[in-house]
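Below: query34.cif (mmCIF, C-alpha atoms and all ligand atoms)
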data_start
#
loop_
_atom_site.label_atom_id
_atom_site.label_comp_id
_atom_site.auth_asym_id
_atom_site.auth_seq_id
_atom_site.Cartn_x
_atom_site.Cartn_y
_atom_site.Cartn_z
CA MET A 281 152.36 88.65 108.64
CA THR A 282 149.95 91.55 108.13
CA ASP A 283 149.65 92.06 111.89
CA LYS A 284 152.90 94.05 111.64
CA LEU A 285 151.64 96.26 108.79
CA ASN A 286 150.09 99.67 109.32
CA PHE A 287 146.58 99.74 107.85
CA ASP A 288 145.56 103.39 107.74
CA ILE A 289 141.85 103.38 108.59
CA ASP A 290 141.59 107.18 108.36
CA TYR A 291 143.10 107.13 104.86
CA MET A 292 140.68 104.41 103.77
CA THR A 293 137.71 106.25 105.27
CA GLU A 294 138.68 109.61 103.75
CA SER A 295 139.30 108.07 100.32
CA LEU A 296 135.93 106.34 100.57
CA VAL A 297 134.06 109.51 101.53
CA GLN A 298 135.63 111.37 98.59
CA LEU A 299 134.73 108.55 96.20
CA LEU A 300 131.16 108.33 97.52
CA ASN A 301 130.65 112.02 96.81
CA ILE A 302 131.72 111.67 93.17
CA PRO A 303 128.67 110.83 91.03
CA SER A 304 129.41 107.65 89.04
CA PRO A 305 126.37 105.75 87.77
CA THR A 306 127.26 103.01 85.29
CA GLY A 307 127.95 104.76 81.99
CA LEU A 308 129.15 107.95 83.68
CA ALA A 309 131.79 106.58 86.05
CA GLY A 310 134.80 108.35 84.46
CA ASP A 311 135.29 110.87 87.28
CA ALA A 312 135.40 108.11 89.93
CA VAL A 313 137.83 106.08 87.82
CA ALA A 314 140.04 109.18 87.41
CA TYR A 315 139.93 109.89 91.14
CA THR A 316 140.96 106.30 91.91
CA GLN A 317 143.85 106.74 89.49
CA THR A 318 144.94 109.82 91.48
CA LEU A 319 144.81 107.81 94.70
CA LEU A 320 146.97 105.03 93.21
CA ARG A 321 149.57 107.46 91.81
CA PRO A 322 151.88 107.45 94.90
CA PHE A 323 152.36 103.69 94.55
CA PRO A 324 154.69 101.78 92.20
CA VAL A 325 152.02 100.73 89.71
CA GLU A 326 151.85 101.22 85.97
CA MET A 327 148.41 102.51 85.00
CA LYS A 328 146.34 102.69 81.86
CA LEU A 329 142.70 103.18 80.96
CA ILE A 330 141.30 100.57 78.60
CA ASN A 331 138.98 101.61 75.76
CA LYS A 332 135.94 100.71 77.83
CA GLY A 333 137.09 103.14 80.54
CA ALA A 334 138.21 100.74 83.28
CA LEU A 335 141.47 101.46 85.10
CA VAL A 336 144.15 98.78 84.86
CA ALA A 337 147.10 99.15 87.23
CA THR A 338 149.98 96.68 87.17
CA TRP A 339 152.13 96.09 90.25
CA ALA A 340 155.34 94.15 89.67
CA GLY A 341 155.63 91.04 91.86
CA ARG A 342 158.53 89.05 93.26
CA ALA A 343 157.58 86.44 90.67
CA ASP A 344 155.78 86.37 87.34
CA SER A 345 154.94 82.67 87.15
CA ALA A 346 151.26 82.81 88.14
CA PRO A 347 149.95 86.38 87.79
CA ARG A 348 147.05 87.51 89.94
CA ALA A 349 144.45 90.26 89.76
CA LEU A 350 142.11 92.15 92.03
CA THR A 351 138.96 93.80 90.73
CA ALA A 352 136.50 96.21 92.36
CA HIS A 353 134.01 98.58 90.77
CA VAL A 354 133.39 102.31 91.11
CA ASP A 355 130.23 102.43 88.99
CA THR A 356 126.99 102.63 90.96
CA LEU A 357 123.24 102.39 90.60
CA GLY A 358 121.50 105.37 89.06
CA ALA A 359 118.98 106.27 86.37
CA MET A 360 118.46 107.97 83.03
CA VAL A 361 115.70 110.23 81.73
CA LYS A 362 113.30 108.00 79.75
CA GLU A 363 110.58 110.49 78.96
CA ILE A 364 109.76 114.15 79.55
CA LYS A 365 106.13 114.20 80.66
CA VAL A 366 103.54 116.73 79.48
CA ASN A 367 103.65 118.33 82.95
CA GLY A 368 107.43 118.85 82.67
CA ARG A 369 108.35 116.11 85.11
CA LEU A 370 110.64 113.21 84.19
CA LYS A 371 110.04 109.50 83.87
CA LEU A 372 113.18 107.44 84.42
CA THR A 373 114.73 104.15 83.45
CA LYS A 374 116.87 102.42 86.08
CA ILE A 375 120.58 101.77 85.72
CA GLY A 376 121.34 98.57 87.65
CA GLY A 377 119.08 96.48 89.83
CA PHE A 378 117.23 98.25 92.63
CA ALA A 379 113.70 98.87 93.86
CA TRP A 380 112.17 102.34 93.39
CA ASN A 381 111.11 102.54 97.03
CA THR A 382 114.80 102.57 98.05
CA VAL A 383 115.27 105.99 96.44
CA GLU A 384 111.80 107.42 96.93
CA GLY A 385 112.03 110.96 98.32
CA GLU A 386 115.76 111.17 97.57
CA GLY A 387 117.37 114.33 96.20
CA CYS A 388 118.97 113.98 92.78
CA HIS A 389 120.88 115.73 90.03
CA VAL A 390 119.99 115.60 86.36
CA PHE A 391 123.18 115.84 84.27
CA THR A 392 122.22 117.74 81.13
CA GLY A 393 123.92 117.27 77.76
CA ASP A 394 125.46 120.75 77.96
CA GLY A 395 127.22 119.91 81.23
CA ARG A 396 124.92 121.45 83.83
CA ARG A 397 123.46 119.74 86.88
CA LEU A 398 119.83 120.46 87.70
CA ARG A 399 118.51 119.71 91.16
CA GLY A 400 115.34 117.76 91.88
CA SER A 401 113.93 114.79 93.77
CA LEU A 402 112.40 111.43 93.03
CA LEU A 403 108.75 111.08 94.04
CA LEU A 404 105.69 108.97 93.49
CA TYR A 405 103.51 110.73 90.89
CA LYS A 406 100.72 110.72 93.46
CA ALA A 407 102.89 112.04 96.27
CA SER A 408 100.62 114.26 98.36
CA GLY A 409 98.76 112.59 101.19
CA HIS A 410 96.24 115.44 101.28
CA ILE A 411 95.27 114.83 97.66
CA HIS A 412 95.61 111.10 97.14
CA GLY A 413 94.98 109.64 100.61
CA ALA A 414 95.52 105.87 100.70
CA GLU A 415 96.86 105.83 97.13
CA VAL A 416 100.14 107.21 98.48
CA THR A 417 100.55 103.93 100.32
CA ASP A 418 98.83 101.59 97.88
CA THR A 419 100.30 102.65 94.52
CA LYS A 420 102.84 100.17 93.19
CA ARG A 421 106.26 101.76 92.77
CA ASP A 422 107.23 101.07 89.14
CA ASP A 423 108.70 103.00 86.20
CA GLU A 424 105.27 104.50 85.41
CA ALA A 425 104.58 105.68 88.95
CA MET A 426 107.88 107.41 89.77
CA GLU A 427 108.96 110.83 88.53
CA VAL A 428 111.60 113.48 89.03
CA ARG A 429 110.28 116.85 90.15
CA LEU A 430 112.86 119.41 89.07
CA ASP A 431 113.47 122.39 91.33
CA GLU A 432 112.94 124.65 88.32
CA ARG A 433 109.96 126.63 86.99
CA THR A 434 108.45 124.21 84.51
CA THR A 435 104.98 122.84 83.95
CA SER A 436 105.41 121.52 80.41
CA ALA A 437 107.70 119.31 78.36
CA ALA A 438 108.75 122.33 76.29
CA GLU A 439 109.79 124.31 79.38
CA THR A 440 111.78 121.34 80.71
CA ARG A 441 113.49 120.90 77.33
CA ALA A 442 114.30 124.63 77.38
CA LEU A 443 116.25 123.97 80.60
CA GLY A 444 118.51 121.67 78.58
CA VAL A 445 116.98 118.38 79.74
CA GLU A 446 116.64 115.59 77.17
CA VAL A 447 115.91 111.86 77.03
CA GLY A 448 119.13 110.02 77.87
CA ASP A 449 120.38 112.47 80.52
CA PHE A 450 121.87 110.75 83.56
CA VAL A 451 120.13 111.05 86.93
CA VAL A 452 122.22 110.64 90.09
CA PHE A 453 120.71 110.11 93.54
CA ASP A 454 122.32 111.78 96.56
CA PRO A 455 124.63 109.35 98.41
CA ARG A 456 124.08 111.10 101.80
CA VAL A 457 127.38 110.05 103.34
CA GLU A 458 127.72 110.01 107.12
CA VAL A 459 130.54 108.70 109.28
CA SER A 460 129.41 108.04 112.86
CA PRO A 461 131.56 108.37 116.01
CA ALA A 462 131.00 104.63 116.58
CA GLY A 463 132.79 103.87 113.32
CA PHE A 464 129.86 103.22 111.00
CA VAL A 465 129.77 104.64 107.47
CA ARG A 466 126.25 105.14 106.14
CA SER A 467 125.79 105.99 102.48
CA ARG A 468 124.44 104.87 99.17
CA HIS A 469 126.94 103.12 96.90
CA LEU A 470 129.20 101.58 99.55
CA ASP A 471 128.74 98.85 96.92
CA ASP A 472 131.45 98.86 95.75
CA LYS A 473 133.40 101.98 96.68
CA ALA A 474 134.09 100.53 100.15
CA ALA A 475 135.96 97.68 98.43
CA VAL A 476 138.04 100.14 96.41
CA ALA A 477 139.02 101.79 99.72
CA CYS A 478 140.03 98.36 101.10
CA ILE A 479 142.29 97.72 98.09
CA LEU A 480 143.89 101.16 98.55
CA GLY A 481 144.42 100.40 102.25
CA ALA A 482 146.13 97.10 101.42
CA VAL A 483 148.37 98.67 98.78
CA LYS A 484 149.37 101.54 101.10
CA ALA A 485 150.14 99.18 104.00
CA MET A 486 152.25 96.86 101.85
CA HIS A 487 154.09 99.68 100.11
CA GLY A 488 154.67 101.44 103.46
CA ALA A 489 156.36 98.27 104.75
CA GLY A 490 158.52 98.00 101.65
CA LEU A 491 156.68 94.89 100.45
CA GLN A 492 155.62 93.92 96.97
CA PRO A 493 153.16 91.21 95.94
CA ALA A 494 154.34 87.62 95.54
CA GLN A 495 153.14 87.60 91.93
CA ARG A 496 152.69 90.34 89.34
CA THR A 497 149.29 91.79 90.25
CA THR A 498 146.76 93.62 88.12
CA ILE A 499 144.46 96.00 89.98
CA HIS A 500 141.36 96.37 87.84
CA ILE A 501 138.91 99.18 88.66
CA SER A 502 135.73 98.36 86.83
CA ASN A 503 133.17 100.83 85.46
CA TYR A 504 130.30 98.60 84.19
CA GLU A 505 129.76 96.09 87.03
CA GLU A 506 126.20 97.03 87.98
CA VAL A 507 124.97 96.02 84.52
CA GLY A 508 126.85 92.72 84.51
CA HIS A 509 129.79 92.96 82.12
CA GLY A 510 132.27 95.23 83.94
CA ALA A 511 135.36 93.04 84.24
CA ALA A 512 134.73 91.11 81.01
CA ALA A 513 137.79 92.91 79.62
CA GLY A 514 141.05 94.36 80.94
CA PHE A 515 143.15 91.44 82.25
CA PRO A 516 146.47 90.14 80.93
CA PRO A 517 146.21 86.89 78.94
CA ASP A 518 148.51 85.00 81.34
CA LEU A 519 146.34 85.66 84.42
CA VAL A 520 145.92 82.66 86.76
CA GLU A 521 143.82 83.98 89.67
CA LEU A 522 141.25 86.76 90.03
CA LEU A 523 140.15 87.95 93.47
CA THR A 524 136.99 90.03 93.21
CA ILE A 525 136.55 92.54 96.02
CA ASP A 526 132.88 93.34 96.37
CA MET A 527 130.42 94.01 99.17
CA ALA A 528 129.16 91.22 101.38
CA ALA A 529 125.38 91.02 101.79
CA VAL A 530 124.48 91.53 105.46
CA GLY A 531 120.95 90.90 106.71
CA MET A 532 118.40 88.33 107.80
CA GLY A 533 119.71 84.78 107.50
CA GLN A 534 123.17 85.89 106.37
CA ASN A 535 126.44 84.90 108.01
CA SER A 536 128.27 88.09 106.95
CA ASP A 537 128.49 91.13 109.21
CA GLU A 538 129.68 94.73 108.97
CA PHE A 539 132.95 94.04 110.79
CA SER A 540 134.64 90.93 109.40
CA ALA A 541 136.37 90.11 106.14
CA CYS A 542 133.59 88.24 104.35
CA ILE A 543 134.37 85.40 101.95
CA CYS A 544 131.63 84.65 99.42
CA VAL A 545 131.75 80.97 98.49
CA LYS A 546 128.62 80.97 96.29
CA ASP A 547 126.17 83.43 94.76
CA SER A 548 123.62 83.44 91.92
CA GLY A 549 126.39 82.42 89.53
CA GLY A 550 127.23 79.31 91.54
CA PRO A 551 130.27 78.44 93.65
CA TYR A 552 133.49 80.40 93.38
CA HIS A 553 136.64 78.37 92.71
CA ILE A 554 137.21 75.87 95.50
CA ASP A 555 140.98 76.52 95.58
CA MET A 556 140.34 80.24 96.08
CA ASN A 557 137.65 79.68 98.74
CA ARG A 558 139.90 77.32 100.71
CA LYS A 559 142.99 79.48 100.31
CA LEU A 560 141.16 82.60 101.53
CA VAL A 561 139.78 80.79 104.60
CA LYS A 562 143.22 79.38 105.39
CA LEU A 563 144.90 82.79 105.03
CA ALA A 564 142.31 84.40 107.33
CA GLN A 565 142.72 81.65 109.93
CA GLU A 566 146.52 81.72 109.89
CA ALA A 567 146.62 85.51 110.22
CA ASP A 568 143.87 85.62 112.87
CA ILE A 569 141.68 87.87 110.74
CA PRO A 570 138.01 87.87 111.81
CA TYR A 571 136.23 86.37 108.78
CA LYS A 572 132.88 84.91 107.73
CA THR A 573 132.07 82.63 104.85
CA ASP A 574 128.72 83.29 103.23
CA ILE A 575 126.32 82.75 100.32
CA TYR A 576 124.48 85.60 98.57
CA PRO A 577 121.08 84.68 97.10
CA PHE A 578 120.57 87.48 94.54
CA TYR A 579 124.08 88.51 93.62
CA GLY A 580 126.51 88.42 90.73
CA SER A 581 130.06 89.75 90.47
CA ASP A 582 132.69 91.01 88.10
CA GLY A 583 134.67 87.80 88.71
CA GLU A 584 131.80 85.90 87.10
CA ALA A 585 131.65 88.49 84.32
CA TYR A 586 135.23 87.53 83.46
CA TRP A 587 134.39 83.81 83.67
CA ARG A 588 131.42 84.33 81.33
CA ALA A 589 133.64 86.29 78.94
CA GLY A 590 135.88 83.25 78.71
CA GLY A 591 138.51 84.06 81.34
CA ASP A 592 140.42 80.87 82.20
CA VAL A 593 141.26 81.76 85.79
CA LYS A 594 140.45 80.77 89.34
CA VAL A 595 137.97 83.30 90.76
CA GLY A 596 137.28 84.13 94.40
CA LEU A 597 135.32 86.90 96.14
CA ILE A 598 135.80 88.74 99.42
CA GLY A 599 134.52 92.06 100.70
CA PRO A 600 133.38 94.31 103.52
CA GLY A 601 129.90 93.61 104.90
CA VAL A 602 127.22 96.04 103.77
CA ASP A 603 123.85 96.20 105.50
CA ALA A 604 120.77 97.05 103.39
CA SER A 605 122.62 96.72 100.09
CA HIS A 606 121.28 98.52 97.02
CA ASN A 607 119.34 100.64 99.50
CA TYR A 608 120.57 103.19 102.05
CA GLU A 609 123.63 101.12 102.94
CA ARG A 610 125.88 100.91 105.99
CA THR A 611 129.17 99.30 106.96
CA HIS A 612 131.74 99.69 109.72
CA LYS A 613 135.39 100.75 109.63
CA ASP A 614 136.41 97.40 111.18
CA SER A 615 135.47 95.75 107.89
CA PHE A 616 137.99 98.00 106.09
CA LEU A 617 140.80 96.80 108.34
CA ASN A 618 139.89 93.12 108.14
CA THR A 619 139.23 93.11 104.40
CA ALA A 620 142.40 95.08 103.64
CA ARG A 621 144.37 92.65 105.80
CA LEU A 622 142.98 89.63 103.94
CA ILE A 623 143.75 91.31 100.58
CA ALA A 624 147.34 91.89 101.73
CA GLU A 625 147.70 88.32 103.02
CA TYR A 626 146.48 87.08 99.65
CA LEU A 627 148.86 89.28 97.67
CA LEU A 628 151.84 88.39 99.85
CA ALA A 629 151.20 84.62 99.95
CA GLU A 630 153.54 82.49 97.85
ZN ZN A 701 129.03 95.57 93.74
#
This entry written out as structure tokens:
Amino acid sequence: MTDKLNFDIDYMTESLVQLLNIPSPTGLAGDAVAYTQTLLRPFPVEMKLINKGALVATWAGRADSAPRALTAHVDTLGAMVKEIKVNGRLKLTKIGGFAWNTVEGEGCHVFTGDGRRLRGSLLLYKASGHIHGAEVTDTKRDDEAMEVRLDERTTSAAETRALGVEVGDFVVFDPRVEVSPAGFVRSRHLDDKAAVACILGAVKAMHGAGLQPAQRTTIHISNYEEVGHGAAAGFPPDLVELLTIDMAAVGMGQNSDEFSACICVKDSGGPYHIDMNRKLVKLAQEADIPYKTDIYPFYGSDGEAYWRAGGDVKVGLIGPGVDASHNYERTHKDSFLNTARLIAEYLLAE
């Protein structure tokens, strides 16, 4: 039935670009949560922030007998200042799981305790080819070897501290968002802001057609997913099904692509619920939505976070395909349409 709905690709893309440009590493995702709240305001949902900071929006359904939920996360990878070195540069600790080489050379902001943002970049501590020769290639990229060079006049720890920098300050890497004429969106942190855009697209299309979900639906926007416990809290006690919307891993050996609605049937946490997997495939087939089933080798989700926290629900996972995940990522606008359509089919299904 979603073939008659109007899925606004421009709206989804614009919302995504705005979200991508809001810094939101895990622990500092409040601005992205607040922006998502603004985007949901035109729709008939009741919203609240839970103590942990996640956004919980409730959309009344035609029935209340088997409540459902969607979850997606706006928190992203990032880092924190671990140590101010004697030369004034900064050692970092990672927030979330990524390899240092994926952000090497990237511009960044250090968020100081007094609310300022200092500019800098992430480099290998032996960065210059003219000085270190082969060591630039051969040095292992680990916490010891990477440092932030601030674009400020400092050559000592004291001078850096005088700028307001302290251990525990957040460090945010530039997303470098680009939308190509061919419909690709290239950016860091498409995981999982692209999924949030897909949820918004589904809600807008359904609301625009005067439709409401078959069951009362909670839309949960998570702010601690990248560290594993995001959606552990925030759902109503009578929840029956949880559909996690998170990026699909595209790459060598994978079935997912950047265009389809991707259905994850198993990841590092094991299989998703068989009823959800089968229902999602059936819905995609009946509605003629291009879809792919897939398995992600090194991957966990907020749906599993709720299972581990004791949630007695059926969990499934779908999402837009993201190439080079937890790196400089890319997806295509077609995946917004197909994922939003599958979300809407799921919400509308009896
Ligand atoms: Zn994710």
Output as JSON lines one row per residue of chain A within 6 Å of ligand ZN 701 (chain A): the closest atom pair and its distance in Å to one decimal place, counting only C-alpha atoms and all ligand atoms, sorted by chain and residue number ascending.
{"residue": "A:Asp471", "atom": "CA", "partner": "A:ZN701", "partner_atom": "ZN", "distance": 4.6}
{"residue": "A:Asp472", "atom": "CA", "partner": "A:ZN701", "partner_atom": "ZN", "distance": 4.6}
{"residue": "A:Asp526", "atom": "CA", "partner": "A:ZN701", "partner_atom": "ZN", "distance": 5.2}
{"residue": "A:Met527", "atom": "CA", "partner": "A:ZN701", "partner_atom": "ZN", "distance": 5.8}
Straight-line distance linking CA of Lys613 (chain A) with CA of Gly601 (chain A), stated in Å to one decimal:
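Distance reported for this atom pair: 10.2 Å.
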Excluding Leu357 (chain A) and residues on its chain fewer than 3 positions from it, collect all residues at most 7 Å away from it, counting only C-alpha atoms, and give them as a list in words.
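Surrounding residues, per the criterion: Pro305, Thr306, Ile375, Gly376 and Glu506 of chain A.
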For Arg348 (chain A), find every residue with an atom within 8 Å (counting all atoms listed in the file), except residues of its own chain fewer than 4 positions away, and show them as a ChimeraX atom specification.
/A:495-498,519-523
Hey, can you spit out that residue selection with C-alpha atoms as a PDB file, keeping the file's coordinate frame?
ATOM      1  CA  GLN A 495     153.140  87.600  91.930  1.00  0.00           C
ATOM      2  CA  ARG A 496     152.690  90.340  89.340  1.00  0.00           C
ATOM      3  CA  THR A 497     149.290  91.790  90.250  1.00  0.00           C
ATOM      4  CA  THR A 498     146.760  93.620  88.120  1.00  0.00           C
ATOM      5  CA  LEU A 519     146.340  85.660  84.420  1.00  0.00           C
ATOM      6  CA  VAL A 520     145.920  82.660  86.760  1.00  0.00           C
ATOM      7  CA  GLU A 521     143.820  83.980  89.670  1.00  0.00           C
ATOM      8  CA  LEU A 522     141.250  86.760  90.030  1.00  0.00           C
ATOM      9  CA  LEU A 523     140.150  87.950  93.470  1.00  0.00           C
TER      10      LEU A 523
END
Need to verify the contact set: Ala585 (chain A), 9 Å, all atoms listed in the file, exclusion of same-chain residues closer than 5 positions in sequence. Can you return it as a list in words?
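What passes the distance filter is Glu505, Gly508, His509, Gly510, Ala511, Ala512, Ala513, Gly580, Gly590 and Gly591 of chain A.
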Please work out which residues fall within 7 Å of (118.6, 109.0, 90.0), coordinates as given in the file, with all atoms listed in the file counting, and return them as a PyMOL selection string.
chain A and resi 358-359+388+451-453
As an exercise, work out the distance from CA of Lys365 (chain A) to CA of Val428 (chain A) in Å and give it to one decimal place.
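Distance reported for this atom pair: 10.0 Å.
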With a distance cut-off of 9 Å and all atoms listed in the file, select the neighbouring residues of Ala564 (chain A), excluding the residue or stretch itself and same-chain residues fewer than 6 positions from it, and output the selection as a list in words.
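Using all atoms listed in the file, the neighbours found are Ala541, Pro570, Tyr571, Arg621, Leu622 and Glu625 of chain A.
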Contact residues around Ile499 (chain A) with all atoms listed in the file at 9 Å, ignoring same-chain residues under 5 positions, as a PyMOL selection string
chain A and resi 325+335-339+348-352+479
Pull the closest atom pair for each residue of region 599-623 of chain A that gets at most 12 Å from region 287-297 of chain A, along with the distance in Å to one decimal, counting only C-alpha atoms, ordering rows by chain and then ascending residue number, as a Markdown table.
| residue | atom | partner | partner_atom | distance |
| --- | --- | --- | --- | --- |
| A:Thr611 | CA | A:Thr293 | CA | 11.1 |
| A:His612 | CA | A:Thr293 | CA | 9.9 |
| A:Lys613 | CA | A:Ile289 | CA | 7.1 |
| A:Asp614 | CA | A:Ile289 | CA | 8.5 |
| A:Ser615 | CA | A:Ile289 | CA | 10.0 |
| A:Phe616 | CA | A:Ile289 | CA | 7.1 |
| A:Leu617 | CA | A:Phe287 | CA | 6.5 |
| A:Asn618 | CA | A:Phe287 | CA | 9.4 |
| A:Thr619 | CA | A:Phe287 | CA | 10.5 |
| A:Ala620 | CA | A:Phe287 | CA | 7.5 |
| A:Arg621 | CA | A:Phe287 | CA | 7.7 |
| A:Leu622 | CA | A:Phe287 | CA | 11.4 |
| A:Ile623 | CA | A:Phe287 | CA | 11.5 |
Selecting C-alpha atoms, how would region 420-462 of chain A from this structure be written as a short mmCIF file (atom, residue, chain, number, x, y, z; two decimals), in the first residue's frame?
data_model
loop_
_atom_site.label_atom_id
_atom_site.label_comp_id
_atom_site.auth_asym_id
_atom_site.auth_seq_id
_atom_site.Cartn_x
_atom_site.Cartn_y
_atom_site.Cartn_z
CA LYS A 420 51.20 1.17 14.18
CA ARG A 421 48.20 3.46 14.61
CA ASP A 422 47.20 3.09 18.27
CA ASP A 423 46.25 5.35 21.18
CA GLU A 424 49.93 6.11 21.86
CA ALA A 425 50.77 7.03 18.28
CA MET A 426 47.89 9.40 17.47
CA GLU A 427 47.59 12.99 18.63
CA VAL A 428 45.55 16.13 18.10
CA ARG A 429 47.52 19.12 16.86
CA LEU A 430 45.57 22.19 17.91
CA ASP A 431 45.54 25.18 15.58
CA GLU A 432 46.61 27.35 18.50
CA ARG A 433 49.98 28.69 19.72
CA THR A 434 50.99 26.07 22.24
CA THR A 435 54.12 24.01 22.78
CA SER A 436 53.50 22.89 26.36
CA ALA A 437 50.85 21.27 28.52
CA ALA A 438 50.51 24.50 30.52
CA GLU A 439 49.83 26.57 27.39
CA THR A 440 47.23 24.06 26.19
CA ARG A 441 45.55 24.08 29.61
CA ALA A 442 45.54 27.89 29.47
CA LEU A 443 43.43 27.58 26.31
CA GLY A 444 40.78 25.85 28.43
CA VAL A 445 41.55 22.29 27.35
CA GLU A 446 41.36 19.55 29.99
CA VAL A 447 41.29 15.76 30.23
CA GLY A 448 37.74 14.62 29.50
CA ASP A 449 36.96 17.22 26.80
CA PHE A 450 35.07 15.78 23.84
CA VAL A 451 36.75 15.61 20.43
CA VAL A 452 34.54 15.57 17.32
CA PHE A 453 35.83 14.65 13.86
CA ASP A 454 34.52 16.55 10.82
CA PRO A 455 31.71 14.62 9.09
CA ARG A 456 32.54 16.13 5.64
CA VAL A 457 29.05 15.76 4.19
CA GLU A 458 28.62 15.70 0.42
CA VAL A 459 25.54 14.96 -1.64
CA SER A 460 26.42 13.99 -5.22
CA PRO A 461 24.31 14.69 -8.34
CA ALA A 462 24.05 10.90 -8.81
#
